[in-house]
>>> print(open('coords.cif').read())   # mmCIF, N, CA and C atoms
data_upload
#
loop_
_atom_site.label_atom_id
_atom_site.label_comp_id
_atom_site.auth_asym_id
_atom_site.auth_seq_id
_atom_site.Cartn_x
_atom_site.Cartn_y
_atom_site.Cartn_z
N ILE A 20 9.96 -3.14 -4.90
CA ILE A 20 8.81 -3.44 -4.08
C ILE A 20 7.49 -3.15 -4.83
N LEU A 21 7.52 -2.22 -5.80
CA LEU A 21 6.32 -1.88 -6.56
C LEU A 21 6.48 -2.25 -8.03
N GLU A 22 5.43 -2.82 -8.61
CA GLU A 22 5.41 -3.03 -10.06
C GLU A 22 5.40 -1.67 -10.75
N ASP A 23 5.80 -1.64 -12.02
CA ASP A 23 5.91 -0.38 -12.76
C ASP A 23 4.60 0.40 -12.81
N ASN A 24 3.49 -0.27 -13.00
CA ASN A 24 2.19 0.41 -13.10
C ASN A 24 1.39 0.30 -11.81
N PHE A 25 2.09 0.32 -10.68
CA PHE A 25 1.43 0.21 -9.38
C PHE A 25 0.36 1.29 -9.23
N THR A 26 -0.80 0.91 -8.64
CA THR A 26 -1.86 1.87 -8.37
C THR A 26 -2.23 1.86 -6.89
N LEU A 27 -2.54 3.04 -6.40
CA LEU A 27 -3.05 3.23 -5.05
C LEU A 27 -4.40 3.93 -5.18
N THR A 28 -5.45 3.29 -4.67
CA THR A 28 -6.79 3.85 -4.73
C THR A 28 -7.18 4.32 -3.34
N LEU A 29 -7.62 5.58 -3.28
CA LEU A 29 -8.00 6.22 -2.01
C LEU A 29 -9.36 6.89 -2.14
N PRO A 30 -10.07 7.07 -1.04
CA PRO A 30 -11.32 7.84 -1.11
C PRO A 30 -11.04 9.30 -1.47
N VAL A 31 -11.95 9.93 -2.17
CA VAL A 31 -11.88 11.36 -2.42
C VAL A 31 -12.26 12.05 -1.11
N THR A 32 -11.53 13.10 -0.76
CA THR A 32 -11.78 13.81 0.49
C THR A 32 -12.04 15.29 0.25
N ASP A 33 -12.81 15.90 1.15
CA ASP A 33 -13.04 17.33 1.12
C ASP A 33 -12.11 18.08 2.05
N PHE A 34 -11.47 17.38 2.95
CA PHE A 34 -10.71 18.04 4.01
C PHE A 34 -9.25 18.29 3.66
N ARG A 35 -8.78 17.76 2.52
CA ARG A 35 -7.40 18.03 2.12
C ARG A 35 -7.30 18.03 0.61
N ASP A 36 -6.22 18.62 0.09
CA ASP A 36 -6.00 18.65 -1.36
C ASP A 36 -5.70 17.25 -1.86
N MET A 37 -6.08 17.01 -3.13
CA MET A 37 -5.89 15.71 -3.76
C MET A 37 -5.06 15.91 -5.03
N VAL A 38 -4.43 14.85 -5.49
CA VAL A 38 -3.60 14.91 -6.70
C VAL A 38 -4.44 15.20 -7.93
N HIS A 39 -5.55 14.49 -8.09
CA HIS A 39 -6.41 14.64 -9.27
C HIS A 39 -7.58 15.55 -8.92
N VAL A 40 -7.33 16.84 -8.80
CA VAL A 40 -8.32 17.78 -8.29
C VAL A 40 -9.58 17.83 -9.14
N GLY A 41 -9.48 18.24 -10.39
CA GLY A 41 -10.67 18.40 -11.23
C GLY A 41 -11.31 17.09 -11.63
N GLU A 42 -10.53 16.04 -11.71
CA GLU A 42 -11.03 14.75 -12.20
C GLU A 42 -11.88 14.01 -11.16
N THR A 43 -11.82 14.42 -9.90
CA THR A 43 -12.50 13.68 -8.85
C THR A 43 -13.73 14.41 -8.31
N LYS A 44 -14.19 15.45 -9.01
CA LYS A 44 -15.29 16.26 -8.50
C LYS A 44 -16.51 15.43 -8.12
N PHE A 45 -16.90 14.48 -8.97
CA PHE A 45 -18.07 13.67 -8.68
C PHE A 45 -17.71 12.21 -8.43
N ALA A 46 -16.44 11.94 -8.30
CA ALA A 46 -15.98 10.57 -8.06
C ALA A 46 -15.93 10.31 -6.56
N HIS A 47 -15.96 9.05 -6.18
CA HIS A 47 -15.84 8.69 -4.78
C HIS A 47 -14.44 8.19 -4.43
N GLU A 48 -13.59 8.03 -5.44
CA GLU A 48 -12.22 7.60 -5.19
C GLU A 48 -11.30 8.19 -6.22
N GLN A 49 -10.02 8.26 -5.87
CA GLN A 49 -9.00 8.67 -6.83
C GLN A 49 -8.01 7.53 -6.96
N VAL A 50 -7.52 7.32 -8.16
CA VAL A 50 -6.55 6.27 -8.43
C VAL A 50 -5.23 6.94 -8.78
N LEU A 51 -4.22 6.69 -7.97
CA LEU A 51 -2.88 7.21 -8.20
C LEU A 51 -2.06 6.12 -8.86
N THR A 52 -1.32 6.48 -9.89
CA THR A 52 -0.51 5.51 -10.63
C THR A 52 0.95 5.93 -10.57
N GLY A 53 1.79 5.02 -10.12
CA GLY A 53 3.22 5.26 -10.11
C GLY A 53 3.71 6.01 -8.89
N VAL A 54 5.00 5.97 -8.70
CA VAL A 54 5.65 6.55 -7.52
C VAL A 54 5.48 8.06 -7.47
N THR A 55 5.57 8.74 -8.60
CA THR A 55 5.48 10.21 -8.61
C THR A 55 4.15 10.69 -8.08
N GLU A 56 3.04 10.12 -8.56
CA GLU A 56 1.72 10.54 -8.08
C GLU A 56 1.55 10.21 -6.60
N ILE A 57 2.05 9.07 -6.18
CA ILE A 57 1.91 8.67 -4.78
C ILE A 57 2.74 9.60 -3.88
N MET A 58 3.92 9.98 -4.30
CA MET A 58 4.74 10.92 -3.53
C MET A 58 4.06 12.29 -3.47
N ASN A 59 3.46 12.72 -4.58
CA ASN A 59 2.73 14.00 -4.59
C ASN A 59 1.59 13.96 -3.58
N ASP A 60 0.85 12.85 -3.54
CA ASP A 60 -0.24 12.73 -2.60
C ASP A 60 0.27 12.69 -1.16
N SER A 61 1.39 12.04 -0.96
CA SER A 61 1.99 11.98 0.36
C SER A 61 2.34 13.39 0.86
N ASN A 62 2.86 14.22 -0.02
CA ASN A 62 3.17 15.61 0.34
C ASN A 62 1.91 16.39 0.68
N LEU A 63 0.83 16.17 -0.08
CA LEU A 63 -0.44 16.85 0.21
C LEU A 63 -1.01 16.39 1.55
N CYS A 64 -0.90 15.11 1.83
CA CYS A 64 -1.37 14.58 3.11
C CYS A 64 -0.55 15.18 4.26
N SER A 65 0.75 15.28 4.09
CA SER A 65 1.61 15.86 5.11
C SER A 65 1.25 17.32 5.35
N ALA A 66 0.99 18.07 4.28
CA ALA A 66 0.60 19.48 4.43
C ALA A 66 -0.70 19.59 5.23
N PHE A 67 -1.64 18.69 4.97
CA PHE A 67 -2.89 18.67 5.74
C PHE A 67 -2.60 18.42 7.21
N LEU A 68 -1.79 17.42 7.51
CA LEU A 68 -1.48 17.09 8.90
C LEU A 68 -0.80 18.25 9.62
N GLN A 69 0.14 18.92 8.94
CA GLN A 69 0.84 20.04 9.57
C GLN A 69 -0.12 21.18 9.87
N GLY A 70 -1.19 21.31 9.08
CA GLY A 70 -2.19 22.36 9.30
C GLY A 70 -3.05 22.15 10.53
N LEU A 71 -2.98 20.97 11.13
CA LEU A 71 -3.76 20.70 12.33
C LEU A 71 -3.18 21.38 13.56
N GLY A 72 -1.89 21.68 13.54
CA GLY A 72 -1.22 22.26 14.70
C GLY A 72 -0.79 23.68 14.45
N LYS A 73 -0.16 24.25 15.47
CA LYS A 73 0.29 25.64 15.41
C LYS A 73 1.80 25.76 15.57
N GLY A 74 2.47 24.65 15.77
CA GLY A 74 3.89 24.69 16.08
C GLY A 74 4.77 24.43 14.88
N HIS A 75 6.02 24.18 15.18
CA HIS A 75 7.02 23.96 14.13
C HIS A 75 7.47 22.51 14.05
N ASN A 76 7.06 21.67 14.99
CA ASN A 76 7.44 20.26 14.93
C ASN A 76 6.48 19.51 14.03
N GLU A 77 6.92 18.38 13.55
CA GLU A 77 6.16 17.61 12.58
C GLU A 77 5.03 16.82 13.24
N ILE A 78 3.88 16.82 12.56
CA ILE A 78 2.77 15.96 12.96
C ILE A 78 2.79 14.78 12.01
N THR A 79 2.78 13.58 12.56
CA THR A 79 2.85 12.37 11.74
C THR A 79 1.60 11.52 11.95
N MET A 80 1.44 10.52 11.11
CA MET A 80 0.34 9.56 11.23
C MET A 80 0.96 8.22 11.58
N VAL A 81 0.48 7.61 12.65
CA VAL A 81 0.97 6.32 13.12
C VAL A 81 -0.11 5.28 12.85
N TYR A 82 0.26 4.22 12.15
CA TYR A 82 -0.68 3.15 11.80
C TYR A 82 -0.47 1.95 12.69
N ASN A 83 -1.57 1.40 13.21
CA ASN A 83 -1.53 0.18 14.00
C ASN A 83 -2.25 -0.91 13.21
N CYS A 84 -1.54 -1.97 12.89
CA CYS A 84 -2.09 -3.10 12.15
C CYS A 84 -1.90 -4.35 13.00
N ASP A 85 -2.97 -4.81 13.60
CA ASP A 85 -2.92 -6.00 14.45
C ASP A 85 -2.87 -7.25 13.57
N ARG A 86 -1.94 -8.11 13.83
CA ARG A 86 -1.76 -9.33 13.03
C ARG A 86 -3.03 -10.19 13.02
N LYS A 87 -3.85 -10.09 14.06
CA LYS A 87 -5.10 -10.85 14.11
C LYS A 87 -6.11 -10.35 13.07
N ASN A 88 -5.89 -9.14 12.56
CA ASN A 88 -6.79 -8.56 11.57
C ASN A 88 -6.16 -8.54 10.18
N PHE A 89 -5.27 -9.49 9.93
CA PHE A 89 -4.58 -9.62 8.64
C PHE A 89 -4.95 -10.97 8.03
N PHE A 90 -5.26 -10.94 6.73
CA PHE A 90 -5.61 -12.17 6.03
C PHE A 90 -4.96 -12.14 4.65
N MET A 91 -4.36 -13.26 4.25
CA MET A 91 -3.77 -13.34 2.91
C MET A 91 -4.20 -14.64 2.26
N ASP A 92 -4.64 -14.52 1.01
CA ASP A 92 -5.06 -15.67 0.22
C ASP A 92 -4.42 -15.54 -1.15
N ASN A 93 -3.58 -16.47 -1.50
CA ASN A 93 -2.82 -16.39 -2.75
C ASN A 93 -2.04 -15.08 -2.79
N CYS A 94 -2.38 -14.21 -3.72
CA CYS A 94 -1.63 -12.96 -3.90
C CYS A 94 -2.39 -11.72 -3.44
N THR A 95 -3.43 -11.91 -2.65
CA THR A 95 -4.22 -10.78 -2.14
C THR A 95 -4.17 -10.79 -0.62
N ALA A 96 -3.84 -9.63 -0.07
CA ALA A 96 -3.80 -9.45 1.38
C ALA A 96 -4.83 -8.42 1.80
N MET A 97 -5.48 -8.66 2.93
CA MET A 97 -6.46 -7.74 3.50
C MET A 97 -6.06 -7.47 4.94
N LEU A 98 -6.20 -6.21 5.37
CA LEU A 98 -5.95 -5.91 6.77
C LEU A 98 -6.77 -4.71 7.21
N GLU A 99 -7.07 -4.71 8.50
CA GLU A 99 -7.72 -3.56 9.13
C GLU A 99 -6.63 -2.75 9.81
N PHE A 100 -6.82 -1.43 9.88
CA PHE A 100 -5.84 -0.59 10.56
C PHE A 100 -6.55 0.50 11.36
N THR A 101 -5.83 1.01 12.32
CA THR A 101 -6.21 2.22 13.03
C THR A 101 -5.06 3.18 12.86
N ALA A 102 -5.36 4.40 12.44
CA ALA A 102 -4.32 5.41 12.25
C ALA A 102 -4.63 6.59 13.17
N THR A 103 -3.60 7.09 13.83
CA THR A 103 -3.75 8.22 14.75
C THR A 103 -2.62 9.20 14.50
N THR A 104 -2.96 10.48 14.50
CA THR A 104 -1.90 11.47 14.37
C THR A 104 -1.06 11.44 15.64
N HIS A 105 0.17 11.85 15.49
CA HIS A 105 1.09 11.94 16.62
C HIS A 105 1.74 13.32 16.56
N GLY A 106 1.51 14.11 17.60
CA GLY A 106 2.14 15.43 17.66
C GLY A 106 1.18 16.58 17.49
N ALA A 107 -0.07 16.33 17.12
CA ALA A 107 -1.02 17.43 16.91
C ALA A 107 -1.31 18.16 18.22
N VAL A 108 -1.55 17.42 19.30
CA VAL A 108 -1.84 18.04 20.59
C VAL A 108 -0.62 18.83 21.08
N GLN A 109 0.57 18.28 20.87
CA GLN A 109 1.79 18.99 21.27
C GLN A 109 1.97 20.28 20.47
N GLN A 110 1.32 20.34 19.30
CA GLN A 110 1.40 21.52 18.45
C GLN A 110 0.23 22.47 18.66
N GLY A 111 -0.60 22.21 19.67
CA GLY A 111 -1.68 23.14 20.00
C GLY A 111 -3.07 22.68 19.61
N ALA A 112 -3.20 21.55 18.94
CA ALA A 112 -4.54 21.05 18.61
C ALA A 112 -5.20 20.51 19.87
N VAL A 113 -6.53 20.52 19.91
CA VAL A 113 -7.25 20.04 21.10
C VAL A 113 -7.30 18.52 21.17
N ALA A 114 -7.05 17.85 20.06
CA ALA A 114 -7.13 16.39 20.04
C ALA A 114 -6.30 15.85 18.88
N GLU A 115 -5.94 14.59 19.00
CA GLU A 115 -5.32 13.88 17.88
C GLU A 115 -6.43 13.38 16.96
N LEU A 116 -6.14 13.21 15.72
CA LEU A 116 -7.07 12.69 14.72
C LEU A 116 -6.93 11.18 14.68
N THR A 117 -8.05 10.44 14.68
CA THR A 117 -8.01 8.98 14.65
C THR A 117 -8.98 8.46 13.60
N MET A 118 -8.56 7.43 12.88
CA MET A 118 -9.45 6.81 11.90
C MET A 118 -9.18 5.32 11.84
N LYS A 119 -10.20 4.59 11.41
CA LYS A 119 -10.06 3.15 11.15
C LYS A 119 -10.31 2.93 9.67
N GLY A 120 -9.70 1.89 9.13
CA GLY A 120 -9.89 1.60 7.72
C GLY A 120 -9.44 0.20 7.36
N ASN A 121 -9.48 -0.07 6.06
CA ASN A 121 -9.09 -1.36 5.52
C ASN A 121 -8.16 -1.15 4.33
N VAL A 122 -7.29 -2.11 4.12
CA VAL A 122 -6.38 -2.11 2.97
C VAL A 122 -6.49 -3.47 2.28
N ARG A 123 -6.58 -3.42 0.96
CA ARG A 123 -6.50 -4.65 0.14
C ARG A 123 -5.31 -4.46 -0.78
N ALA A 124 -4.35 -5.37 -0.70
CA ALA A 124 -3.14 -5.30 -1.52
C ALA A 124 -3.06 -6.52 -2.41
N LYS A 125 -2.69 -6.28 -3.68
CA LYS A 125 -2.49 -7.40 -4.61
C LYS A 125 -1.02 -7.43 -5.01
N PHE A 126 -0.47 -8.65 -4.96
CA PHE A 126 0.94 -8.85 -5.27
C PHE A 126 1.08 -9.65 -6.56
N SER A 127 2.17 -9.41 -7.27
CA SER A 127 2.49 -10.18 -8.46
C SER A 127 3.02 -11.55 -8.04
N PRO A 128 2.45 -12.63 -8.57
CA PRO A 128 2.96 -13.95 -8.20
C PRO A 128 4.37 -14.20 -8.76
N ALA A 129 4.73 -13.52 -9.84
CA ALA A 129 6.04 -13.74 -10.45
C ALA A 129 7.16 -12.99 -9.72
N SER A 130 6.86 -11.74 -9.28
CA SER A 130 7.92 -10.92 -8.70
C SER A 130 7.74 -10.64 -7.20
N ASN A 131 6.58 -10.95 -6.66
CA ASN A 131 6.21 -10.61 -5.28
C ASN A 131 6.15 -9.11 -5.03
N LYS A 132 6.14 -8.32 -6.11
CA LYS A 132 6.00 -6.87 -5.97
C LYS A 132 4.52 -6.51 -5.88
N LEU A 133 4.26 -5.34 -5.27
CA LEU A 133 2.88 -4.85 -5.17
C LEU A 133 2.37 -4.40 -6.53
N ILE A 134 1.18 -4.86 -6.89
CA ILE A 134 0.52 -4.43 -8.12
C ILE A 134 -0.42 -3.28 -7.81
N SER A 135 -1.18 -3.42 -6.71
CA SER A 135 -2.15 -2.38 -6.36
C SER A 135 -2.48 -2.43 -4.87
N VAL A 136 -2.91 -1.28 -4.37
CA VAL A 136 -3.42 -1.17 -3.00
C VAL A 136 -4.68 -0.33 -3.06
N VAL A 137 -5.73 -0.83 -2.40
CA VAL A 137 -6.97 -0.07 -2.25
C VAL A 137 -7.13 0.19 -0.77
N MET A 138 -7.18 1.47 -0.42
CA MET A 138 -7.31 1.87 0.98
C MET A 138 -8.68 2.50 1.16
N THR A 139 -9.47 1.99 2.11
CA THR A 139 -10.80 2.54 2.37
C THR A 139 -10.89 2.99 3.82
N PHE A 140 -11.56 4.13 4.01
CA PHE A 140 -11.81 4.65 5.35
C PHE A 140 -12.94 5.66 5.24
N ASP A 141 -13.57 5.95 6.37
CA ASP A 141 -14.71 6.85 6.42
C ASP A 141 -14.22 8.29 6.48
N THR A 142 -14.35 9.00 5.38
CA THR A 142 -13.88 10.39 5.33
C THR A 142 -14.75 11.31 6.18
N GLY A 143 -16.01 10.94 6.38
CA GLY A 143 -16.91 11.75 7.20
C GLY A 143 -16.46 11.83 8.65
N VAL A 144 -15.95 10.72 9.18
CA VAL A 144 -15.46 10.71 10.55
C VAL A 144 -14.26 11.65 10.68
N ILE A 145 -13.39 11.64 9.68
CA ILE A 145 -12.23 12.52 9.71
C ILE A 145 -12.68 13.98 9.63
N MET A 146 -13.62 14.25 8.72
CA MET A 146 -14.11 15.62 8.55
C MET A 146 -14.72 16.14 9.85
N SER A 147 -15.46 15.30 10.55
CA SER A 147 -16.05 15.68 11.83
C SER A 147 -14.97 16.04 12.84
N GLN A 148 -13.92 15.25 12.91
CA GLN A 148 -12.83 15.52 13.85
C GLN A 148 -12.09 16.80 13.47
N VAL A 149 -11.85 16.99 12.16
CA VAL A 149 -11.17 18.20 11.69
C VAL A 149 -12.00 19.43 12.04
N ASN A 150 -13.32 19.37 11.83
CA ASN A 150 -14.18 20.51 12.18
C ASN A 150 -14.08 20.83 13.66
N TYR A 151 -14.08 19.80 14.50
CA TYR A 151 -13.96 20.00 15.95
C TYR A 151 -12.63 20.68 16.29
N ILE A 152 -11.55 20.19 15.71
CA ILE A 152 -10.22 20.76 15.99
C ILE A 152 -10.14 22.20 15.52
N MET A 153 -10.67 22.49 14.33
CA MET A 153 -10.60 23.85 13.78
C MET A 153 -11.51 24.82 14.55
N LYS A 154 -12.69 24.38 14.95
CA LYS A 154 -13.58 25.25 15.75
C LYS A 154 -12.95 25.58 17.09
N ALA A 155 -12.30 24.62 17.70
CA ALA A 155 -11.62 24.86 18.97
C ALA A 155 -10.48 25.86 18.78
N ALA A 156 -9.77 25.75 17.67
CA ALA A 156 -8.68 26.68 17.37
C ALA A 156 -9.22 28.09 17.16
N GLU A 157 -10.35 28.22 16.46
CA GLU A 157 -10.98 29.54 16.25
C GLU A 157 -11.41 30.13 17.58
N HIS A 158 -11.97 29.29 18.45
CA HIS A 158 -12.40 29.75 19.77
C HIS A 158 -11.21 30.28 20.57
N ASP A 159 -10.07 29.59 20.49
CA ASP A 159 -8.85 30.03 21.19
C ASP A 159 -8.39 31.39 20.68
N VAL A 160 -8.46 31.61 19.36
CA VAL A 160 -8.06 32.87 18.75
C VAL A 160 -9.00 33.98 19.21
N ASP A 161 -10.31 33.71 19.18
CA ASP A 161 -11.31 34.71 19.62
C ASP A 161 -11.12 35.06 21.09
N ALA A 162 -10.86 34.06 21.93
CA ALA A 162 -10.65 34.30 23.36
C ALA A 162 -9.39 35.13 23.59
N ALA A 163 -8.35 34.85 22.85
CA ALA A 163 -7.10 35.62 22.99
C ALA A 163 -7.30 37.06 22.55
N ALA A 164 -8.07 37.27 21.46
CA ALA A 164 -8.34 38.63 20.98
C ALA A 164 -9.18 39.40 22.00
N ALA A 165 -10.15 38.76 22.61
CA ALA A 165 -11.00 39.41 23.61
C ALA A 165 -10.18 39.77 24.86
N ALA A 166 -9.28 38.88 25.23
CA ALA A 166 -8.43 39.15 26.41
C ALA A 166 -7.47 40.31 26.16
N ALA A 167 -7.06 40.47 24.92
CA ALA A 167 -6.10 41.53 24.57
C ALA A 167 -6.77 42.92 24.59
N GLN A 168 -8.10 42.95 24.50
CA GLN A 168 -8.79 44.26 24.46
C GLN A 168 -9.01 44.76 25.81
#
>>> encode(input="coords.cif", output="structure tokens")
Amino acid sequence: ILEDNFTLTLPVTDFRDMVHVGETKFAHEQVLTGVTEIMNDSNLCSAFLQGLGKGHNEITMVYNCDRKNFFMDNCTAMLEFTATTHGAVQQGAVAELTMKGNVRAKFSPASNKLISVVMTFDTGVIMSQVNYIMKAAEHDVDAAAAAAQ
């Protein structure tokens, strides 16, 4: 499904660890090459999601891609998506995290395998939601400590 030198380009974020930590200090995006780097980033993303809750069940990200917001021309596909966490509230978070974004995928005309994917989304919106969730969690801890005294 992926060409050998497949790349995934993502925005640089402040709210979670990234694969290319030192290399992205002043960059606005990170480029992951190959399955190993993409799997490493997937693990970092999962660790971030699990940190939103307080429980032991998994928090996942569910993507909604409406076919009406999909366009393909030759070997390039574009789509809009909405992604929402699933399970954060059940794990004690005050809200689920939601984001909207776009994906541009390029396919090889010879093999139909993916050559590259560029994923764009507003990291500031996510950071704002994360701050809200974390402040609410701190408030819960402070309230519990006050009640215990």
>>> resolve_selection(input="coords.cif", expression="the PyMOL selection byres ((chain A and resi 20) around 5)", output="compact mmCIF listing (two decimals) with N, CA and C atoms, keeping the file's coordinate frame")
# COMPACT_ATOMS: atom_id res chain seq x y z
N LEU A 21 7.52 -2.22 -5.80
CA LEU A 21 6.32 -1.88 -6.56
C LEU A 21 6.48 -2.25 -8.03
N GLU A 22 5.43 -2.82 -8.61
CA GLU A 22 5.41 -3.03 -10.06
C GLU A 22 5.40 -1.67 -10.75
N LYS A 132 6.14 -8.32 -6.11
CA LYS A 132 6.00 -6.87 -5.97
C LYS A 132 4.52 -6.51 -5.88
N LEU A 133 4.26 -5.34 -5.27
CA LEU A 133 2.88 -4.85 -5.17
C LEU A 133 2.37 -4.40 -6.53
>>> residues_near_point(input="coords.cif", point="(0.8, 8.8, 11.4)", cutoff="6 Å", atoms="only N, CA and C atoms", output="PyMOL selection string")
chain A and resi 79-82+103-105
>>> resolve_selection(input="coords.cif", expression="the PyMOL selection byres (((chain A and resi 76 and name CA) around 12) and name CA)", output="MDAnalysis selection string")
chainID A and resid 68:75 77:79 105:111
>>> select_by_dssp(input="coords.cif", residues="stretch 32-129 of chain A", states="alpha helix (DSSP H)", output="ChimeraX atom specification")
/A:53-69
>>> select_by_dssp(input="coords.cif", residues="chain A", states="strand (DSSP E)", output="count of residues only")
53
>>> atom_distance(input="coords.cif", atom1="atom N of A:Arg35", atom2="atom N of A:Val122")
20.0 Å
>>> resolve_selection(input="coords.cif", expression="the PyMOL selection byres (((chain A and resi 131 and name CA) around 12) and name CA)", output="list in words")
Ile20, Leu21, Glu22, Asn93, Cys94, Thr95, Ala124, Lys125, Phe126, Ser127, Pro128, Ala129, Ser130, Lys132, Leu133, Ile134 and Ser135 of chain A
>>> closest_residue(input="coords.cif", among="A:Ala96, A:Arg86, A:Val31, A:Val113", to="A:Asn150", atoms="only C-alpha atoms")
A:Val113
>>> atom_distance(input="coords.cif", atom1="atom CA of A:Asp85", atom2="atom CA of A:Gln148")
23.7 Å
>>> atom_distance(input="coords.cif", atom1="atom CA of A:Asn83", atom2="atom CA of A:Ile145")
16.9 Å
>>> closest_residue(input="coords.cif", among="A:Glu115, A:Leu29, A:Asp23, A:Cys64", to="A:Val136", atoms="all atoms listed in the file")
A:Leu29
>>> build_atoms(input="coords.cif", residues="stretch 23-34 of chain A", atoms="N, CA, C and O atoms", output="compact mmCIF listing (two decimals), in the frame of the given file")
# COMPACT_ATOMS: atom_id res chain seq x y z
N ASP A 23 5.80 -1.64 -12.02
CA ASP A 23 5.91 -0.38 -12.76
C ASP A 23 4.60 0.40 -12.81
O ASP A 23 4.60 1.62 -12.69
N ASN A 24 3.49 -0.27 -13.00
CA ASN A 24 2.19 0.41 -13.10
C ASN A 24 1.39 0.30 -11.81
O ASN A 24 0.16 0.23 -11.84
N PHE A 25 2.09 0.32 -10.68
CA PHE A 25 1.43 0.21 -9.38
C PHE A 25 0.36 1.29 -9.23
O PHE A 25 0.56 2.44 -9.61
N THR A 26 -0.80 0.91 -8.64
CA THR A 26 -1.86 1.87 -8.37
C THR A 26 -2.23 1.86 -6.89
O THR A 26 -2.21 0.82 -6.24
N LEU A 27 -2.54 3.04 -6.40
CA LEU A 27 -3.05 3.23 -5.05
C LEU A 27 -4.40 3.93 -5.18
O LEU A 27 -4.49 5.01 -5.76
N THR A 28 -5.45 3.29 -4.67
CA THR A 28 -6.79 3.85 -4.73
C THR A 28 -7.18 4.32 -3.34
O THR A 28 -7.08 3.57 -2.37
N LEU A 29 -7.62 5.58 -3.28
CA LEU A 29 -8.00 6.22 -2.01
C LEU A 29 -9.36 6.89 -2.14
O LEU A 29 -9.73 7.31 -3.24
N PRO A 30 -10.07 7.07 -1.04
CA PRO A 30 -11.32 7.84 -1.11
C PRO A 30 -11.04 9.30 -1.47
O PRO A 30 -10.00 9.84 -1.09
N VAL A 31 -11.95 9.93 -2.17
CA VAL A 31 -11.88 11.36 -2.42
C VAL A 31 -12.26 12.05 -1.11
O VAL A 31 -13.19 11.63 -0.43
N THR A 32 -11.53 13.10 -0.76
CA THR A 32 -11.78 13.81 0.49
C THR A 32 -12.04 15.29 0.25
O THR A 32 -11.53 15.86 -0.71
N ASP A 33 -12.81 15.90 1.15
CA ASP A 33 -13.04 17.33 1.12
C ASP A 33 -12.11 18.08 2.05
O ASP A 33 -11.99 19.29 1.97
N PHE A 34 -11.47 17.38 2.95
CA PHE A 34 -10.71 18.04 4.01
C PHE A 34 -9.25 18.29 3.66
O PHE A 34 -8.55 18.95 4.42
